[in-house]
Amino acid sequence: MMPSCPNCLNNSRVAQHCFRDNHFGRLIVSLDTTYYTISRRYICYECQDQTKRKKKQLEKTAADLHFTGELEEDDISYTFMPWDNRIMHLYKHGRGEHFPAFLTWRAGLDKKVMRMLPPLTDGGFRLDRISKMLCELHSLAYDNARLLHEYEIKRRKANAVCELPTYESLGDFNDKKRWRGTVPTASYLDHARKLYHATTKDYLDKAMKQQGADSLHWDASYKEAKHLCRYRGSSIYHGLVTATNELGEIRIQFHVYSDSHEQMKSALTAFKSTTNCFGLTAPRLFFTDNPAQDRKFYLEQLPSLAEQQKIFDNLSAVSEPTSALPGYDFRKLKVKVVRHANETNEAVNAMMELMVGKRIGLDAEWEIIRGTAGRQVGRSKVNTIQIAYRDTNHDVTVIIVRTERMTSLPNRLKSLLVGSSIKIAGNKVSADLIKIGVDFDVAEIKSVDQKSRVNVFNLGMVAKHRGLVTNAAHVSLMYLAKVLLHIRLDKDLQTSGFSGESLTQDQLRYIAVDGAVSLEAFEEMEEMPDVIKHLEMEDLTLNKKVDIVPMTGNPSDRAAVARVLDTAPVTCPAGVAPSSGRGTLVEAGDGCAVVKIEKIYSPSFVIPGYKRTGATKDGVPLKDLSCSNIVVPLAFLRGHNKFYNCAPSQNNITRPAPNADPPVGNEDPAEQAAEQVRQAAEQVSELADNGKSVVSDERSDPLDNDNEQDDLTDWNTYVANEFDDLMSGLDSKSIKLLQAAIFSTDEALEGRDPLRCPELGRCLTPDEITNRYSSVLGDIYHAMSRTRVPIKHEAKKAYFAALKNAFLIWNPEKLEKLKSKLREEGKTDNEIEAMMYYNSRLFQDCVERHAPAPKILYYRVRAVYKLFGNIKDSFTGKPLFNKEAWKKANNILEEILLGFYSDPPGFNFYNTRLDNGVPMTNKYGMVLIDCWRGTNRTEGYHKNLKVSFGGWHMGAEASGVTLDTRNHRHNTAVSIKRRPDYPKTGHFNGWVTEQLQNLYFENHGTVLYPGFRNTSDYISTHESFGTIALQSEALHNAVLERCKELGGDFNLTRDQQYLANAVGSPLPYLPFACKEENQKFAEMILSAESPLDDAKAAMVWTKFVDGVNIMPKFDSHIRSHRVKFDRNQRVRQCVDNMKSGQALLDEVNDLIRPRDATTEMDVAAEVAPVDNSATPAEQSTNQVPRPPQIGLSHTWTQVRPAQSLPAPSLEGLSHNSFHSVGNQAVGNNFSQSLLGHGKHCLRCLQFDSASTSGSCKGRGGVQYCDNYGEDGTRRVAPKRKKRSCKNCVAHGDDVSAETCPGRGGASYCAHHPIDHLTPKSRPKRTKPN
């Protein structure tokens, strides 16, 4: 069977060619050894003929055109090796897969090594560590081979028959002829890994694309980007964006340079294209950690989210009561649009003529300028000014002045705005006037504080004076329209810009209605009493409704509602007497009024002028005066605030005194009963002690107790008292009433303020909250952590536990089932509660939770903020929430109202945990579950990337390989865990499983793994992962044009080429990194065409690109470098300013340092003066230099290498000949006869001469050692006279005499007869026994 040609992919005309002449085989590195693959080359005659035909045709064409230059031929090789990676898959019956190695250009790695790389690198093994591991395995195999070789030599030397005269060693580890210990380096392993990954890249991408996503869980991580390689010291990317589906599988992933929305468009566009192409379900939900800022962008980018949002909006509309507020009737407005100064002057003159009431509603619109990241970078000039007034027919007319092309205000309009005769009202109208004054350079406006003008009325401040709100800063025009005009105001077009030649009908309606509502809301509030203003006697009329409030403090803290009566003296109730005078009658003097109490909101509020009978203390609480007419000082009275948001107390039902008139307005008994029911439901809102600003019972602080044990404080009591004070009347009954108000009683809390908290602003009533749901959702745990609290605050644990229980509600049935199982196990209720509080993992694994609708969630979370926010730490005295935390809490409550944290209907955020497709259960028999709400799974994936990347840097391409490997292994593990029929094969090479399934179906006709989807069933799409194209199409085309001008041939590094290929550009887009780029950036800033817009600046930058030092830039590169460039210039200026100071520091460091001790003594010896008059002894003393002082001098010594391992002492030497280590004998395992009955010379062993230790005389004592002295010096043994066989010498055979056995006696001579010896010298022979 011939191999196929890698060009034509056919073997019909393939034949054997020749053997290579440069090398005969490929070196393959295995786990602990190396081997070679050897084969001849093959030739494809079809490709050879085709190449020849093309060459002849090219030569003919050149001749016809008389072309004399060099012809460029196609570089097609028609000879090849049979192990070419391009044709391995073409061998029949999968034989190419059995080839044992993966080949590179001139070497290769055994597939066992290649299969080890993905799991090792994914587990955090660095490639140099893998290289060292292979080196260790190869070295160990080499030493084991040497050990066997030496044992074989020893065996042969012990056998005289097999003994050889000489024995060669195995050779060096790197000896190519004997061992060839070749080990791949880390760079080679990286190179092979990248080549192998290129063969699997298409499969890995398809496997990720086929997952699909019904919901996307989006998160950006800035950890992995820190480990990407840097380009000349600058990070190539700053973040990694990952989106998982509802199962936790990775579906979208790409690098970004910044967190701007602009860089996410290309990835989302490719995702939509793949989803449509594969016929997958488009995402219906989107989770992010910042839903308020991300919602609009993702609704625009993903149409499926917008469609789901419409479904939710319709659902919310259906759930609203039929009495929903209508919109503003635009048809009744008269609208006049003017564009020029003359038209404006005429319109203002006509308005002054027809105006009724001398008041106007003013509003202005301008465009918010946003950068490419979607962030506000500036504001345009005012585009429109809306002026609303009421004419003589009592109709509202709105003049819309288009000021976009005006450089200055028309005269009459300017006079109107700076004058003081007309009341100017609007929501934050002073800010609008300031903006107008700045944009059109109106000195009269800029020089005056607009908030202090008597004829300028900010509607928020007016609403505060009328009792509508307590905080003027949080008032919106929508709220005023709803409360005052009972209409719904649509603000969807607030950011539409209002620029251009003409306005759309929707824009015209929007700005006209804004101006009209400003006017009408101001007119309504002008008719209402000022609840902050003190009442005078002339303000009081008979039966006028007034509020009783504290004389000092917040006047909106209403204590009671009363009606003014005539000034006749009133009788004190039983048990109460006037505080001064005698009797029971009290007369209203100057500065006092007689009133009748109708409703009580603070029963403990003290009314002065009364006292209890027999008491000396002045003041009686309202609850003791509610049944009679009373006299109240004017300082305690304000105009009645019908918008007051606090419910009356339990004592608010007035009981008429004997012979007294019935309460005003409650004559009908049926109405009285309805009022009592309504008031009972309203008791939930009594969550604050409104009488705390007047005389009341004060709670003593245990910290201030001045007793004899003042150093001991009952902290538990202190914290409990502090908590009880913050609870402010929140008891079980009031909670039940709040429940009734939310779920059943529509009017229970109308106009009231349940869960009142000054830091959180006005609390909405249930009928003001719409159960909205969002297709773009936030992460609940991110919302919980946004309110930063002190890490060591004692209330922190309780706060987060309460907040989690507020956001998420346990399934009551399953929770009770689990608790009953725990009780059967012997757990008490207290122990179960402690488990839920400190370690809720057991409950979370089998009991699902639900995030309720906004109407419920709003109150649950607000209650936690109210109860915990002001709790002070008993040690530091600081509250749990600071100013910033309260601000975050307010933002979270607003996001709750938008439905960002409520579970939308129709979605279940839990999956069953599986084991081989079977639901898993815990020891209590309850099914284990996994929650996919929020972004926790995506963040967990990002956290685990630290294992794969470790703490070292990777190149861009290596990072892509690592990410692809991690993603595929992660997705496979998640599919096994959560998809019911996904096969658990034990490995992650899905292409092997896919081919096995294909062959199994072909051979057996059945599907082996029904839950496994073949990637070969899907086509390839343009969607990519990791490093993707972030540039706009215009920027991409500009770079292509510039590269054509430069010739298109660039010398790029491998990583640079990888980045360029990934974004589809000849050059990579890299951040600013060198001096040349900084200089060109400065030139671009100074050029006349330098734009402020980052996207346009990136286009201009392409003119400076040279492909060597200056590379193309994303618009995010430009934006980031603007900030960095400014900072670097300031740093450089600071360094220049400090040069003189740095010179002084260098002088200090040069002069104040330790002296060189050696040099100092030498110099002192040379310059020391000699006193000739002194005695020789004195001269000798004077010439000795003074030794340097310790610490003021330093001796520089010579750096020497470290010492070798020291030899053991005699006492530390082991007397054992050998011992077993890892089933291997270690030591000298000599025979007993050779060792001299097991004795050794200890001194020979000490100085590493084990070969002579068994025969040295030192065996009887080290002092007799023949080889070493006490200090280890080698002893020279005395020369002994060599013995020779005398019989051989006598025969003249000196050569044999030195080795003949006759050396021990001539009678043992083995070479010559002994007859010639004299009798004297002849040895005596004895008879053998």
# chains A, B, ... in the order shown; residues from 1 in each chain; ligands from 1
$ residues_around --residues "Ser1032 in chain A" --least-positions-apart "5" --cutoff "9 Å" --atoms "only C-alpha atoms" --output "short mmCIF file (atom, residue, chain, number, x, y, z; two decimals) with C-alpha atoms, in the first residue's frame"
data_model
loop_
_atom_site.label_atom_id
_atom_site.label_comp_id
_atom_site.auth_asym_id
_atom_site.auth_seq_id
_atom_site.Cartn_x
_atom_site.Cartn_y
_atom_site.Cartn_z
CA SER A 266 -17.25 41.50 17.08
CA ASN A 1037 -9.04 48.58 5.68
CA ALA A 1095 -11.43 55.70 16.78
CA PHE A 1114 -6.76 49.74 18.52
#
$ atom_distance --atom1 "CA of Thr571 in chain A" --atom2 "CA of Pro633 in chain A"
16.6 Å
$ closest_atom_pairs --of "range 201-297 of chain A" --to "range 928-946 of chain A" --cutoff "6 Å" --atoms "only C-alpha atoms" --output "tab-separated table"
residue	atom	partner	partner_atom	distance
A:His217	CA	A:Thr935	CA	5.3
A:Glu246	CA	A:Trp932	CA	5.9
A:Gly248	CA	A:Arg937	CA	5.9
A:Phe287	CA	A:Gly934	CA	5.7
$ write_last_selection --atoms "N, CA and C atoms" --output "tab-separated table (two decimals), in the first residue's frame"
chain	number	residue	atom	x	y	z
A	217	HIS	N	-23.68	33.84	30.78
A	217	HIS	CA	-23.20	34.33	32.07
A	217	HIS	C	-21.84	34.98	31.83
A	246	GLU	N	-25.94	27.94	30.48
A	246	GLU	CA	-26.64	27.60	31.71
A	246	GLU	C	-26.07	26.38	32.41
A	248	GLY	N	-22.75	25.84	32.53
A	248	GLY	CA	-21.41	26.19	32.96
A	248	GLY	C	-20.35	25.90	31.92
A	287	PHE	N	-26.62	37.27	32.19
A	287	PHE	CA	-26.19	37.62	33.53
A	287	PHE	C	-24.87	38.38	33.47
$ residues_around --residues "His93 in chain A" --least-positions-apart "3" --cutoff "12 Å" --atoms "only C-alpha atoms" --output "PDB file with C-alpha atoms, in the first residue's frame"
ATOM      1  CA  MET A   1       0.000   0.000   0.000  1.00  0.00           C
ATOM      2  CA  MET A  88      -1.245  10.278   8.186  1.00  0.00           C
ATOM      3  CA  HIS A  89      -5.031  10.375   8.295  1.00  0.00           C
ATOM      4  CA  LEU A  90      -5.257   9.136   4.691  1.00  0.00           C
ATOM      5  CA  GLY A  96      -1.755   6.148  10.282  1.00  0.00           C
ATOM      6  CA  GLU A  97      -3.070   6.580  13.804  1.00  0.00           C
ATOM      7  CA  HIS A  98      -0.830   3.749  14.965  1.00  0.00           C
ATOM      8  CA  GLN A 995     -14.311   8.399  15.176  1.00  0.00           C
ATOM      9  CA  LEU A 999     -17.044   3.301  12.955  1.00  0.00           C
TER      10      LEU A 999
END
$ residues_around --residues "Thr1015 in chain A" --least-positions-apart "3" --cutoff "10 Å" --atoms "only C-alpha atoms" --output "PyMOL selection string"
chain A and resi 202-210+990-991+994+1012+1018-1020
$ write_last_selection --atoms "N, CA and C atoms" --output "mmCIF file, in the first residue's frame"
data_model
loop_
_atom_site.group_PDB
_atom_site.id
_atom_site.type_symbol
_atom_site.label_atom_id
_atom_site.label_comp_id
_atom_site.auth_asym_id
_atom_site.auth_seq_id
_atom_site.Cartn_x
_atom_site.Cartn_y
_atom_site.Cartn_z
ATOM 1 N N ASP A 202 -9.404 23.146 14.908
ATOM 2 C CA ASP A 202 -10.730 23.220 14.297
ATOM 3 C C ASP A 202 -11.727 22.382 15.072
ATOM 4 N N TYR A 203 -11.303 21.215 15.541
ATOM 5 C CA TYR A 203 -12.217 20.373 16.328
ATOM 6 C C TYR A 203 -12.572 21.049 17.645
ATOM 7 N N LEU A 204 -11.584 21.628 18.337
ATOM 8 C CA LEU A 204 -11.846 22.262 19.626
ATOM 9 C C LEU A 204 -12.809 23.432 19.474
ATOM 10 N N ASP A 205 -12.653 24.208 18.411
ATOM 11 C CA ASP A 205 -13.560 25.339 18.197
ATOM 12 C C ASP A 205 -14.983 24.865 17.926
ATOM 13 N N LYS A 206 -15.119 23.848 17.086
ATOM 14 C CA LYS A 206 -16.459 23.338 16.782
ATOM 15 C C LYS A 206 -17.115 22.744 18.025
ATOM 16 N N ALA A 207 -16.318 22.053 18.833
ATOM 17 C CA ALA A 207 -16.877 21.463 20.050
ATOM 18 C C ALA A 207 -17.411 22.533 20.983
ATOM 19 N N MET A 208 -16.772 23.710 20.997
ATOM 20 C CA MET A 208 -17.261 24.795 21.844
ATOM 21 C C MET A 208 -18.485 25.461 21.234
ATOM 22 N N LYS A 209 -18.502 25.583 19.919
ATOM 23 C CA LYS A 209 -19.629 26.251 19.260
ATOM 24 C C LYS A 209 -20.920 25.444 19.348
ATOM 25 N N GLN A 210 -20.821 24.120 19.344
ATOM 26 C CA GLN A 210 -22.027 23.299 19.303
ATOM 27 C C GLN A 210 -22.739 23.221 20.644
ATOM 28 N N GLY A 990 -11.890 14.055 22.407
ATOM 29 C CA GLY A 990 -13.206 13.811 21.831
ATOM 30 C C GLY A 990 -13.169 13.345 20.401
ATOM 31 N N TRP A 991 -12.111 13.680 19.650
ATOM 32 C CA TRP A 991 -12.032 13.242 18.262
ATOM 33 C C TRP A 991 -11.873 11.728 18.177
ATOM 34 N N GLU A 994 -15.357 10.472 18.736
ATOM 35 C CA GLU A 994 -16.163 10.725 17.539
ATOM 36 C C GLU A 994 -15.897 9.702 16.459
ATOM 37 N N PHE A 1012 -23.739 12.122 22.550
ATOM 38 C CA PHE A 1012 -22.528 12.736 22.004
ATOM 39 C C PHE A 1012 -22.818 13.254 20.601
ATOM 40 N N TYR A 1018 -21.145 19.563 11.749
ATOM 41 C CA TYR A 1018 -21.310 21.010 11.686
ATOM 42 C C TYR A 1018 -20.293 21.599 10.709
ATOM 43 N N ILE A 1019 -20.701 22.664 10.050
ATOM 44 C CA ILE A 1019 -19.780 23.364 9.162
ATOM 45 C C ILE A 1019 -18.929 24.326 9.981
ATOM 46 N N SER A 1020 -17.869 24.800 9.397
ATOM 47 C CA SER A 1020 -17.003 25.779 10.053
ATOM 48 C C SER A 1020 -17.574 27.177 9.867
#
$ atom_distance --atom1 "CA of Ile769 in chain A" --atom2 "CA of Leu315 in chain A"
14.6 Å
$ decode --residues "range 400-415 of chain A" --atoms "all heavy atoms" --output "JSON list (two decimals), in the first residue's frame"
[["chain", "number", "residue", "atom", "x", "y", "z"],
["A", 400, "ILE", "N", -40.45, 75.95, 21.86],
["A", 400, "ILE", "CA", -39.21, 75.17, 21.75],
["A", 400, "ILE", "C", -38.22, 75.97, 20.92],
["A", 400, "ILE", "O", -38.45, 76.20, 19.72],
["A", 400, "ILE", "CB", -39.48, 73.79, 21.12],
["A", 400, "ILE", "CG1", -40.48, 73.00, 21.97],
["A", 400, "ILE", "CG2", -38.18, 73.02, 20.94],
["A", 400, "ILE", "CD1", -40.87, 71.68, 21.37],
["A", 401, "VAL", "N", -37.14, 76.39, 21.56],
["A", 401, "VAL", "CA", -36.11, 77.19, 20.89],
["A", 401, "VAL", "C", -34.97, 76.26, 20.50],
["A", 401, "VAL", "O", -34.31, 75.66, 21.36],
["A", 401, "VAL", "CB", -35.61, 78.32, 21.81],
["A", 401, "VAL", "CG1", -34.60, 79.19, 21.07],
["A", 401, "VAL", "CG2", -36.78, 79.16, 22.33],
["A", 402, "ARG", "N", -34.71, 76.12, 19.20],
["A", 402, "ARG", "CA", -33.59, 75.30, 18.70],
["A", 402, "ARG", "C", -32.33, 76.14, 18.73],
["A", 402, "ARG", "O", -32.10, 77.01, 17.88],
["A", 402, "ARG", "CB", -33.88, 74.82, 17.28],
["A", 402, "ARG", "CG", -35.11, 73.96, 17.13],
["A", 402, "ARG", "CD", -35.02, 72.67, 17.94],
["A", 402, "ARG", "NE", -33.80, 71.93, 17.69],
["A", 402, "ARG", "CZ", -33.57, 71.15, 16.64],
["A", 402, "ARG", "NH1", -34.52, 70.99, 15.74],
["A", 402, "ARG", "NH2", -32.43, 70.52, 16.50],
["A", 403, "THR", "N", -31.48, 75.94, 19.71],
["A", 403, "THR", "CA", -30.28, 76.77, 19.93],
["A", 403, "THR", "C", -29.01, 76.12, 19.41],
["A", 403, "THR", "O", -27.91, 76.60, 19.69],
["A", 403, "THR", "CB", -30.14, 77.05, 21.43],
["A", 403, "THR", "OG1", -30.02, 75.80, 22.13],
["A", 403, "THR", "CG2", -31.34, 77.81, 21.96],
["A", 404, "GLU", "N", -29.12, 75.02, 18.69],
["A", 404, "GLU", "CA", -27.94, 74.27, 18.27],
["A", 404, "GLU", "C", -26.99, 75.13, 17.43],
["A", 404, "GLU", "O", -25.77, 75.03, 17.58],
["A", 404, "GLU", "CB", -28.37, 73.02, 17.50],
["A", 404, "GLU", "CG", -27.21, 72.12, 17.10],
["A", 404, "GLU", "CD", -27.69, 70.87, 16.38],
["A", 404, "GLU", "OE1", -28.92, 70.77, 16.13],
["A", 404, "GLU", "OE2", -26.85, 70.03, 16.06],
["A", 405, "ARG", "N", -27.53, 75.99, 16.57],
["A", 405, "ARG", "CA", -26.70, 76.80, 15.67],
["A", 405, "ARG", "C", -26.55, 78.24, 16.16],
["A", 405, "ARG", "O", -25.97, 79.06, 15.45],
["A", 405, "ARG", "CB", -27.28, 76.79, 14.27],
["A", 405, "ARG", "CG", -27.29, 75.39, 13.63],
["A", 405, "ARG", "CD", -27.74, 75.46, 12.19],
["A", 405, "ARG", "NE", -27.72, 74.14, 11.56],
["A", 405, "ARG", "CZ", -28.03, 73.91, 10.30],
["A", 405, "ARG", "NH1", -28.40, 74.94, 9.52],
["A", 405, "ARG", "NH2", -28.00, 72.69, 9.80],
["A", 406, "MET", "N", -27.07, 78.53, 17.32],
["A", 406, "MET", "CA", -26.95, 79.89, 17.86],
["A", 406, "MET", "C", -25.64, 80.03, 18.61],
["A", 406, "MET", "O", -25.23, 79.13, 19.36],
["A", 406, "MET", "CB", -28.12, 80.19, 18.80],
["A", 406, "MET", "CG", -29.48, 80.26, 18.12],
["A", 406, "MET", "SD", -30.77, 80.72, 19.31],
["A", 406, "MET", "CE", -32.22, 80.67, 18.25],
["A", 407, "THR", "N", -24.99, 81.16, 18.43],
["A", 407, "THR", "CA", -23.76, 81.46, 19.18],
["A", 407, "THR", "C", -24.04, 82.31, 20.42],
["A", 407, "THR", "O", -23.23, 82.37, 21.33],
["A", 407, "THR", "CB", -22.76, 82.19, 18.27],
["A", 407, "THR", "OG1", -23.37, 83.37, 17.76],
["A", 407, "THR", "CG2", -22.34, 81.27, 17.12],
["A", 408, "SER", "N", -25.20, 82.99, 20.42],
["A", 408, "SER", "CA", -25.61, 83.79, 21.58],
["A", 408, "SER", "C", -27.12, 83.74, 21.68],
["A", 408, "SER", "O", -27.82, 83.44, 20.71],
["A", 408, "SER", "CB", -25.13, 85.24, 21.44],
["A", 408, "SER", "OG", -25.70, 85.86, 20.30],
["A", 409, "LEU", "N", -27.63, 84.05, 22.87],
["A", 409, "LEU", "CA", -29.06, 84.00, 23.08],
["A", 409, "LEU", "C", -29.72, 85.24, 22.47],
["A", 409, "LEU", "O", -29.17, 86.35, 22.54],
["A", 409, "LEU", "CB", -29.38, 83.95, 24.58],
["A", 409, "LEU", "CG", -29.04, 82.65, 25.32],
["A", 409, "LEU", "CD1", -29.44, 82.78, 26.78],
["A", 409, "LEU", "CD2", -29.72, 81.46, 24.68],
["A", 410, "PRO", "N", -30.90, 85.07, 21.90],
["A", 410, "PRO", "CA", -31.67, 86.25, 21.44],
["A", 410, "PRO", "C", -31.95, 87.18, 22.62],
["A", 410, "PRO", "O", -32.07, 86.76, 23.78],
["A", 410, "PRO", "CB", -32.95, 85.64, 20.88],
["A", 410, "PRO", "CG", -32.56, 84.24, 20.51],
["A", 410, "PRO", "CD", -31.55, 83.81, 21.50],
["A", 411, "ASN", "N", -32.08, 88.45, 22.32],
["A", 411, "ASN", "CA", -32.19, 89.47, 23.38],
["A", 411, "ASN", "C", -33.37, 89.24, 24.31],
["A", 411, "ASN", "O", -33.25, 89.29, 25.53],
["A", 411, "ASN", "CB", -32.29, 90.87, 22.75],
["A", 411, "ASN", "CG", -31.02, 91.23, 21.99],
["A", 411, "ASN", "OD1", -29.95, 90.73, 22.33],
["A", 411, "ASN", "ND2", -31.14, 92.07, 20.98],
["A", 412, "ARG", "N", -34.56, 88.98, 23.74],
["A", 412, "ARG", "CA", -35.74, 88.82, 24.58],
["A", 412, "ARG", "C", -35.66, 87.56, 25.42],
["A", 412, "ARG", "O", -36.11, 87.55, 26.57],
["A", 412, "ARG", "CB", -37.00, 88.80, 23.69],
["A", 412, "ARG", "CG", -37.26, 90.08, 22.95],
["A", 412, "ARG", "CD", -37.45, 91.24, 23.93],
["A", 412, "ARG", "NE", -38.66, 91.03, 24.74],
["A", 412, "ARG", "CZ", -38.80, 91.46, 25.99],
["A", 412, "ARG", "NH1", -37.82, 92.12, 26.58],
["A", 412, "ARG", "NH2", -39.92, 91.24, 26.65],
["A", 413, "LEU", "N", -35.08, 86.50, 24.87],
["A", 413, "LEU", "CA", -34.92, 85.28, 25.65],
["A", 413, "LEU", "C", -33.93, 85.48, 26.78],
["A", 413, "LEU", "O", -34.13, 85.02, 27.91],
["A", 413, "LEU", "CB", -34.46, 84.13, 24.73],
["A", 413, "LEU", "CG", -34.19, 82.79, 25.42],
["A", 413, "LEU", "CD1", -35.44, 82.27, 26.11],
["A", 413, "LEU", "CD2", -33.69, 81.76, 24.40],
["A", 414, "LYS", "N", -32.86, 86.20, 26.51],
["A", 414, "LYS", "CA", -31.87, 86.50, 27.54],
["A", 414, "LYS", "C", -32.50, 87.33, 28.65],
["A", 414, "LYS", "O", -32.29, 87.07, 29.85],
["A", 414, "LYS", "CB", -30.69, 87.23, 26.92],
["A", 414, "LYS", "CG", -29.63, 87.66, 27.90],
["A", 414, "LYS", "CD", -28.50, 88.36, 27.18],
["A", 414, "LYS", "CE", -27.46, 88.90, 28.15],
["A", 414, "LYS", "NZ", -26.37, 89.63, 27.45],
["A", 415, "SER", "N", -33.30, 88.35, 28.28],
["A", 415, "SER", "CA", -33.95, 89.19, 29.29],
["A", 415, "SER", "C", -34.91, 88.37, 30.15],
["A", 415, "SER", "O", -35.03, 88.58, 31.36],
["A", 415, "SER", "CB", -34.70, 90.34, 28.61],
["A", 415, "SER", "OG", -33.81, 91.14, 27.86]]
